[in-house]
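Enquirer: Coordinates in start.cif, mmCIF, C-alpha atoms, are listed below.
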data_data
loop_
_atom_site.label_atom_id
_atom_site.label_comp_id
_atom_site.auth_asym_id
_atom_site.auth_seq_id
_atom_site.Cartn_x
_atom_site.Cartn_y
_atom_site.Cartn_z
CA MET A 150 203.52 82.06 13.81
CA MET A 151 200.06 80.67 14.40
CA ALA A 152 201.19 78.86 17.55
CA SER A 153 202.60 82.03 19.06
CA TYR A 154 199.35 83.93 18.47
CA GLY A 155 197.29 81.25 20.15
CA THR A 156 199.49 81.23 23.20
CA PHE A 157 199.32 84.97 23.53
CA GLY A 158 195.50 84.95 23.32
CA GLU A 159 195.23 82.31 26.02
CA THR A 160 197.38 84.38 28.28
CA ARG A 161 195.18 87.41 27.85
CA ARG A 162 192.06 85.39 28.58
CA ARG A 163 193.58 84.13 31.81
CA GLN A 164 194.50 87.64 32.77
CA ARG A 165 190.96 88.85 32.11
CA ARG A 166 189.47 86.01 34.17
CA ALA A 167 191.86 86.76 36.96
CA ALA A 168 190.89 90.41 36.82
CA TRP A 169 187.21 89.55 36.92
CA TRP A 170 187.71 87.19 39.87
CA GLY A 171 189.59 89.96 41.63
CA VAL A 172 186.69 92.33 41.03
CA ILE A 173 184.23 89.69 42.18
CA ARG A 174 186.24 89.00 45.33
CA PHE A 175 186.46 92.70 46.03
CA LEU A 176 182.72 93.11 45.56
CA CYS A 177 182.06 90.11 47.78
CA ALA A 178 184.35 91.54 50.44
CA LEU A 179 182.64 94.90 50.10
CA VAL A 180 179.21 93.29 50.41
CA ALA A 181 180.37 91.34 53.43
CA VAL A 182 181.71 94.49 55.08
CA LEU A 183 178.51 96.35 54.26
CA ALA A 184 176.44 93.44 55.62
CA VAL A 185 178.46 93.40 58.84
CA GLY A 186 178.11 97.16 59.13
CA VAL A 187 174.38 97.08 58.52
CA TYR A 188 173.99 94.24 61.01
CA GLY A 189 176.04 96.11 63.59
CA TYR A 190 174.02 99.23 62.97
CA LEU A 191 170.74 97.38 63.34
CA VAL A 192 171.91 95.64 66.50
CA GLY A 193 173.15 98.94 67.95
CA ALA A 194 169.94 100.72 66.97
CA SER A 195 167.84 97.99 68.56
CA ALA A 196 169.94 98.04 71.74
CA ASN A 197 169.79 101.82 71.83
CA GLN A 198 166.03 101.74 71.34
CA ALA A 199 165.67 99.21 74.16
CA ARG A 200 167.95 101.33 76.39
CA THR A 201 165.97 104.42 75.52
CA ALA A 202 162.71 102.64 76.35
CA GLN A 203 164.19 101.46 79.65
CA LEU A 204 165.37 104.97 80.49
CA GLU A 205 161.97 106.42 79.61
CA ALA A 206 160.30 103.79 81.82
CA ASP A 207 162.72 104.58 84.65
CA LEU A 208 162.06 108.29 84.19
CA ALA A 209 158.29 107.75 84.25
CA ARG A 210 158.60 105.60 87.39
CA ALA A 211 160.84 108.19 89.03
CA GLN A 212 158.33 110.92 88.17
CA GLN A 213 155.49 108.81 89.61
CA ASP A 214 157.51 108.09 92.74
CA SER A 215 158.20 111.82 93.04
CA LEU A 216 154.48 112.57 92.76
CA ASP A 217 153.66 109.87 95.35
CA LEU A 218 156.34 111.25 97.67
CA HIS A 219 154.93 114.73 97.25
CA ASP A 220 151.45 113.45 98.06
CA ARG A 221 152.75 111.62 101.14
CA MET A 222 154.62 114.70 102.27
CA ALA A 223 151.48 116.79 101.85
CA ALA A 224 149.44 114.20 103.79
CA ALA A 225 152.12 114.05 106.51
CA ALA A 226 152.14 117.84 106.75
CA GLU A 227 148.35 117.84 107.06
CA GLN A 228 148.44 115.12 109.71
CA SER A 229 151.16 117.01 111.56
CA ALA A 230 149.03 120.15 111.51
CA ASP A 231 146.01 118.18 112.77
CA ALA A 232 148.14 116.57 115.50
CA GLU A 233 149.50 119.96 116.55
CA ALA A 234 145.99 121.38 116.68
CA ALA A 235 144.79 118.39 118.72
CA LEU A 236 147.77 118.76 121.07
CA GLU A 237 147.08 122.44 121.56
CA SER A 238 143.42 121.68 122.21
CA MET A 239 144.46 119.05 124.76
CA ARG A 240 146.82 121.53 126.43
CA GLN A 241 144.04 124.07 126.72
CA ARG A 242 141.57 121.46 128.02
CA LEU A 243 144.07 120.17 130.58
CA ALA A 244 144.86 123.71 131.68
CA ALA A 245 141.14 124.31 132.16
CA GLU A 246 140.37 120.96 133.79
CA ILE A 247 143.41 120.32 136.00
CA PRO A 248 142.30 121.34 139.48
CA SER A 249 144.11 123.88 141.60
CA SER A 250 145.85 122.87 144.82
CA GLU A 251 142.68 123.27 146.90
CA ALA A 252 140.49 121.53 144.33
CA ALA A 253 143.09 118.78 143.95
CA ASP A 254 143.02 118.19 147.71
CA LEU A 255 139.23 117.99 147.69
CA LEU A 256 139.35 115.66 144.69
CA ALA A 257 141.84 113.39 146.48
CA ARG A 258 139.58 113.24 149.54
CA LEU A 259 136.57 112.53 147.34
CA ARG A 260 138.41 109.67 145.64
CA ALA A 261 139.43 108.32 149.04
CA GLN A 262 135.78 108.27 150.14
CA LEU A 263 134.72 106.51 146.95
CA SER A 264 137.53 103.97 147.36
CA ALA A 265 136.30 103.32 150.89
CA GLY A 266 132.93 102.29 149.46
CA VAL A 267 130.93 105.46 150.19
CA ASP A 268 127.79 105.79 148.09
CA PRO A 269 128.38 108.41 145.34
CA GLY A 270 124.80 109.64 145.79
CA ARG A 271 125.51 110.46 149.42
CA LEU A 272 128.60 112.43 148.44
CA SER A 273 126.58 114.29 145.83
CA VAL A 274 123.98 115.29 148.42
CA LEU A 275 126.68 116.58 150.76
CA ILE A 276 128.37 118.58 148.03
CA GLU A 277 125.07 120.17 147.00
CA ALA A 278 124.24 120.92 150.61
CA ALA A 279 127.62 122.61 151.08
CA GLY A 280 126.85 124.95 148.21
CA GLU A 281 123.50 126.11 149.56
CA GLU A 282 123.50 129.77 150.52
CA ASP A 283 122.28 130.45 154.08
CA SER A 284 122.59 133.04 156.81
CA CYS A 285 125.02 131.07 158.97
CA GLN A 286 128.10 133.24 159.46
CA SER A 287 129.90 131.23 162.13
CA GLU A 288 133.17 129.53 161.36
CA PRO A 289 133.03 125.74 161.18
CA VAL A 290 134.92 123.83 163.85
CA THR A 291 136.42 120.47 162.95
CA LYS A 292 137.43 117.81 165.46
CA ARG A 293 138.20 114.14 165.14
CA PHE A 294 137.92 111.09 167.34
CA MET A 295 138.24 107.32 167.10
CA PRO A 296 134.87 105.53 167.07
CA ARG A 297 134.65 102.62 169.47
CA THR A 298 134.36 99.06 168.18
CA PRO A 299 133.38 95.82 169.95
CA VAL A 300 137.08 94.98 170.29
CA SER A 301 138.25 98.42 171.47
CA ALA A 302 140.09 98.30 174.79
CA GLY A 303 140.65 102.01 175.48
CA PRO A 304 138.31 104.63 177.00
CA LEU A 305 135.37 106.11 175.11
CA SER A 306 136.57 108.66 172.55
CA TRP A 307 134.51 111.82 172.10
CA VAL A 308 134.51 115.45 170.90
CA ARG A 309 132.67 118.48 172.32
CA PHE A 310 131.31 121.52 170.47
CA ASP A 311 130.73 124.93 172.04
CA ASP A 312 130.36 123.23 175.45
CA ARG A 313 126.84 122.29 174.35
CA VAL A 314 127.05 119.06 172.33
CA VAL A 315 129.16 115.94 172.85
CA VAL A 316 129.57 113.54 169.95
CA THR A 317 130.54 109.90 170.37
CA GLY A 318 130.42 107.02 167.95
CA GLU A 319 130.65 103.31 167.35
CA GLY A 320 131.55 101.32 164.28
CA GLU A 321 132.36 97.89 162.97
CA PRO A 322 135.96 96.74 163.39
CA ALA A 323 138.29 96.78 160.43
CA ARG A 324 139.74 93.47 159.29
CA SER A 325 143.38 92.63 158.69
CA GLU A 326 144.59 90.77 155.62
CA ALA A 327 144.29 87.60 157.66
CA GLY A 328 140.64 88.43 158.43
CA LEU A 329 141.25 89.27 162.11
CA ALA A 330 139.27 92.08 163.77
CA GLU A 331 141.25 95.26 164.46
CA ALA A 332 140.68 97.73 167.29
CA TRP A 333 139.72 100.60 164.97
CA TYR A 334 136.59 101.02 162.89
CA ASP A 335 136.00 100.27 159.21
CA PRO A 336 134.86 103.45 157.35
CA ALA A 337 133.33 101.33 154.59
CA ARG A 338 130.76 99.88 157.06
CA PRO A 339 127.94 101.64 158.93
CA VAL A 340 128.86 103.96 161.80
CA ARG A 341 126.49 105.01 164.61
CA LEU A 342 126.94 108.52 166.04
CA GLN A 343 125.34 109.80 169.24
CA PHE A 344 124.77 113.53 169.89
CA ARG A 345 124.16 114.40 173.58
CA THR A 346 123.00 117.92 174.42
CA LEU A 347 123.03 120.05 177.59
CA ASP A 348 119.87 118.61 179.08
CA GLY A 349 120.98 115.01 178.55
CA ALA A 350 118.82 114.50 175.46
CA THR A 351 120.38 112.35 172.80
CA SER A 352 119.88 111.83 169.10
CA MET A 353 121.47 109.17 167.01
CA ILE A 354 122.20 108.65 163.34
CA GLU A 355 123.61 105.61 161.62
CA GLY A 356 125.01 104.99 158.16
CA ILE A 357 128.10 104.95 156.03
CA VAL A 358 130.03 108.20 156.24
CA PRO A 359 129.89 110.88 155.10
CA PHE A 360 126.56 112.15 156.42
CA THR A 361 125.07 115.23 158.08
CA HIS A 362 122.97 115.92 161.16
CA ARG A 363 121.20 118.94 162.69
CA ILE A 364 120.00 119.61 166.21
CA VAL A 365 118.70 122.70 168.06
CA VAL A 366 120.31 123.67 171.37
CA ASP A 367 120.01 126.90 173.38
CA GLY A 368 118.33 128.81 170.57
CA LYS A 369 120.83 127.78 167.89
CA GLU A 370 120.86 125.19 165.19
CA TYR A 371 123.98 123.05 165.23
CA ARG A 372 124.85 121.59 161.85
CA PHE A 373 127.21 118.65 161.79
CA SER A 374 128.91 116.71 159.03
CA ALA A 375 130.96 113.55 159.53
CA VAL A 376 133.61 112.21 157.16
CA SER A 377 136.32 109.61 157.32
CA THR A 378 139.80 111.16 157.14
CA LEU A 379 142.93 109.71 158.65
CA PRO A 380 143.01 105.97 159.23
CA ARG A 381 141.15 105.01 162.42
CA PHE A 382 139.64 108.49 162.88
CA LEU A 383 136.28 110.07 162.13
CA GLU A 384 136.22 113.81 161.49
CA VAL A 385 133.20 115.84 162.66
CA THR A 386 132.65 119.45 161.62
CA GLY A 387 130.11 121.59 163.47
CA ARG A 388 128.65 125.06 162.99
CA ALA A 389 126.35 127.02 165.31
CA CYS A 390 123.79 128.89 163.19
CA PRO A 391 120.90 131.20 164.08
CA LEU A 392 117.48 129.70 163.70
CA PRO A 393 115.33 130.87 160.78
CA GLU A 394 112.62 133.34 161.68
CA ALA A 395 109.94 130.97 160.43
CA GLY A 396 110.93 128.41 163.01
CA GLY A 397 113.68 125.93 163.76
CA ASP A 398 114.23 122.31 163.11
CA SER A 399 110.90 120.51 163.12
CA SER A 400 112.45 117.73 165.18
CA ALA A 401 113.52 120.11 167.97
CA SER A 402 111.31 120.63 171.02
CA ALA A 403 110.57 123.87 172.88
CA GLU A 404 112.76 122.69 175.75
CA ASP A 405 115.71 122.42 173.33
CA MET A 406 115.34 126.08 172.38
CA GLN A 407 114.87 127.31 175.96
CA THR A 408 117.52 125.18 177.68
CA PRO A 409 119.75 127.48 179.80
CA ARG A 410 123.47 127.43 179.16
CA ALA A 411 125.13 124.81 181.33
CA SER A 412 128.14 122.59 181.32
CA VAL A 413 127.77 119.54 179.11
CA PRO A 414 128.18 116.24 181.03
CA GLU A 415 131.64 114.76 181.03
CA PRO A 416 132.14 111.76 178.77
CA ASP A 417 132.46 109.41 181.73
CA ALA A 418 128.91 110.25 182.67
CA LEU A 419 127.60 109.42 179.21
CA THR A 420 125.82 106.17 178.62
CA GLU A 421 127.12 104.17 175.72
#
If you convert what's in this file into structure tokens, what do you get?

Expert:
Amino acid sequence: MMASYGTFGETRRRQRRAAWWGVIRFLCALVAVLAVGVYGYLVGASANQARTAQLEADLARAQQDSLDLHDRMAAAAEQSADAEAALESMRQRLAAEIPSSEAADLLARLRAQLSAGVDPGRLSVLIEAAGEEDSCQSEPVTKRFMPRTPVSAGPLSWVRFDDRVVVTGEGEPARSEAGLAEAWYDPARPVRLQFRTLDGATSMIEGIVPFTHRIVVDGKEYRFSAVSTLPRFLEVTGRACPLPEAGGDSSASAEDMQTPRASVPEPDALTE
């Protein structure tokens, strides 16, 4: 009887130990699961926090980029407005400064004279003289001729004004690219013009065209201007003007003013 009781007690103790080990294993498994869950939660929270920080940084950078873009757009709009205003100002200035057809032709001729080596001061004097108001109402007459050079082979070239004044001229020969003398004159070098009047009197001027000259013939003052125009030619413009009441050209003599109208000598009779 005693042996049976001892065996039964041992069995119960084993059962209790087994039950406790089962509880312990369960608790250990539960702790392990909880630990894994907590770890996963912490890892997820940390990753989510890092992702959130990255998104916030990206959002802040995007906002800053948007502000910078807005500033650049505003600056570009301002620059565009300034450029448009400058362009409009340039259009208005060009419209005011671009010469008309007549002024453009005069400007082209002025540039041609400057390119030929004419002194700008001489051109300035001629332009100012052209603008002076006077009592001369006659229409200007323009003629052109070819000044003679030392190598010219043809006859003497001349022009006549109002059958009172004959104008001839001489110049230095132009040079070819090879340096050879040509038969026509060089407008960039001095030219000598001779003015012969009715009575055979002559006056002479020399210089680089353009220039002006005045003489008194038959009670009138003849005003001449000489410019270089077409290649090889010299253009002379003359006007016959009444003498001022206070007196005429100081270089004119009484005979010049009282010379009767006659036929000017033919060019062949002129001395060179």

Enquirer: Figure out the distance between atom CA of A:Pro296 and atom CA of A:Arg338, please, to one decimal in Å.

Expert: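 Straight-line distance from atom CA of A:Arg338 to atom CA of A:Pro296 works out to 12.2 Å.
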
Enquirer: Which residues would end up in the selection if the PyMOL selection byres ((chain A and resi 306-322) around 7) were applied here, given that I need the answer as a PyMOL selection string?

Expert: chain A and resi 292-298+304-305+323-324+330-335+338-347+412-413

Enquirer: Expressed in Å to a single decimal, how great is the separation between atom CA of A:Leu191 and atom CA of A:Ala211?

Expert: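 A separation of 29.6 Å between them.
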
Enquirer: Between atom CA of A:Ala265 and atom CA of A:Val300, what distance in Å does the model show, to one decimal?

Expert: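 Value for the atom CA of A:Ala265-atom CA of A:Val300 distance: 21.1 Å.
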
Enquirer: Generate N, CA and C atoms for stretch 170-192 of chain A and emit them as a short mmCIF file (atom, residue, chain, number, x, y, z; two decimals), in the coordinates of the input.

Expert:
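Generated output (rebuild-v8.cif):
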data_model
loop_
_atom_site.label_atom_id
_atom_site.label_comp_id
_atom_site.auth_asym_id
_atom_site.auth_seq_id
_atom_site.Cartn_x
_atom_site.Cartn_y
_atom_site.Cartn_z
N TRP A 170 187.78 87.83 38.54
CA TRP A 170 187.71 87.19 39.87
C TRP A 170 188.18 88.15 40.97
N GLY A 171 189.15 88.96 40.64
CA GLY A 171 189.59 89.96 41.63
C GLY A 171 188.49 90.95 41.92
N VAL A 172 187.80 91.38 40.84
CA VAL A 172 186.69 92.33 41.03
C VAL A 172 185.58 91.68 41.84
N ILE A 173 185.30 90.40 41.47
CA ILE A 173 184.23 89.69 42.18
C ILE A 173 184.57 89.54 43.66
N ARG A 174 185.83 89.16 43.93
CA ARG A 174 186.24 89.00 45.33
C ARG A 174 186.14 90.32 46.09
N PHE A 175 186.53 91.38 45.41
CA PHE A 175 186.46 92.70 46.03
C PHE A 175 185.02 93.06 46.35
N LEU A 176 184.14 92.81 45.35
CA LEU A 176 182.72 93.11 45.56
C LEU A 176 182.15 92.26 46.68
N CYS A 177 182.54 90.98 46.69
CA CYS A 177 182.06 90.11 47.78
C CYS A 177 182.52 90.61 49.14
N ALA A 178 183.83 91.00 49.17
CA ALA A 178 184.35 91.54 50.44
C ALA A 178 183.63 92.80 50.84
N LEU A 179 183.35 93.66 49.81
CA LEU A 179 182.64 94.90 50.10
C LEU A 179 181.24 94.63 50.61
N VAL A 180 180.56 93.65 49.97
CA VAL A 180 179.21 93.29 50.41
C VAL A 180 179.24 92.74 51.83
N ALA A 181 180.26 91.91 52.09
CA ALA A 181 180.37 91.34 53.43
C ALA A 181 180.58 92.43 54.48
N VAL A 182 181.47 93.37 54.13
CA VAL A 182 181.71 94.49 55.08
C VAL A 182 180.45 95.30 55.28
N LEU A 183 179.76 95.60 54.15
CA LEU A 183 178.51 96.35 54.26
C LEU A 183 177.48 95.61 55.10
N ALA A 184 177.41 94.25 54.86
CA ALA A 184 176.44 93.44 55.62
C ALA A 184 176.76 93.49 57.11
N VAL A 185 178.07 93.34 57.42
CA VAL A 185 178.46 93.40 58.84
C VAL A 185 178.14 94.77 59.42
N GLY A 186 178.39 95.81 58.64
CA GLY A 186 178.11 97.16 59.13
C GLY A 186 176.63 97.38 59.36
N VAL A 187 175.83 96.93 58.36
CA VAL A 187 174.38 97.08 58.52
C VAL A 187 173.88 96.30 59.73
N TYR A 188 174.41 95.06 59.86
CA TYR A 188 173.99 94.24 61.01
C TYR A 188 174.36 94.92 62.34
N GLY A 189 175.61 95.41 62.37
CA GLY A 189 176.04 96.11 63.59
C GLY A 189 175.19 97.33 63.88
N TYR A 190 174.86 98.04 62.79
CA TYR A 190 174.02 99.23 62.97
C TYR A 190 172.64 98.85 63.50
N LEU A 191 172.07 97.80 62.90
CA LEU A 191 170.74 97.38 63.34
C LEU A 191 170.75 96.90 64.79
N VAL A 192 171.81 96.12 65.11
CA VAL A 192 171.91 95.64 66.50
C VAL A 192 172.08 96.82 67.46
#
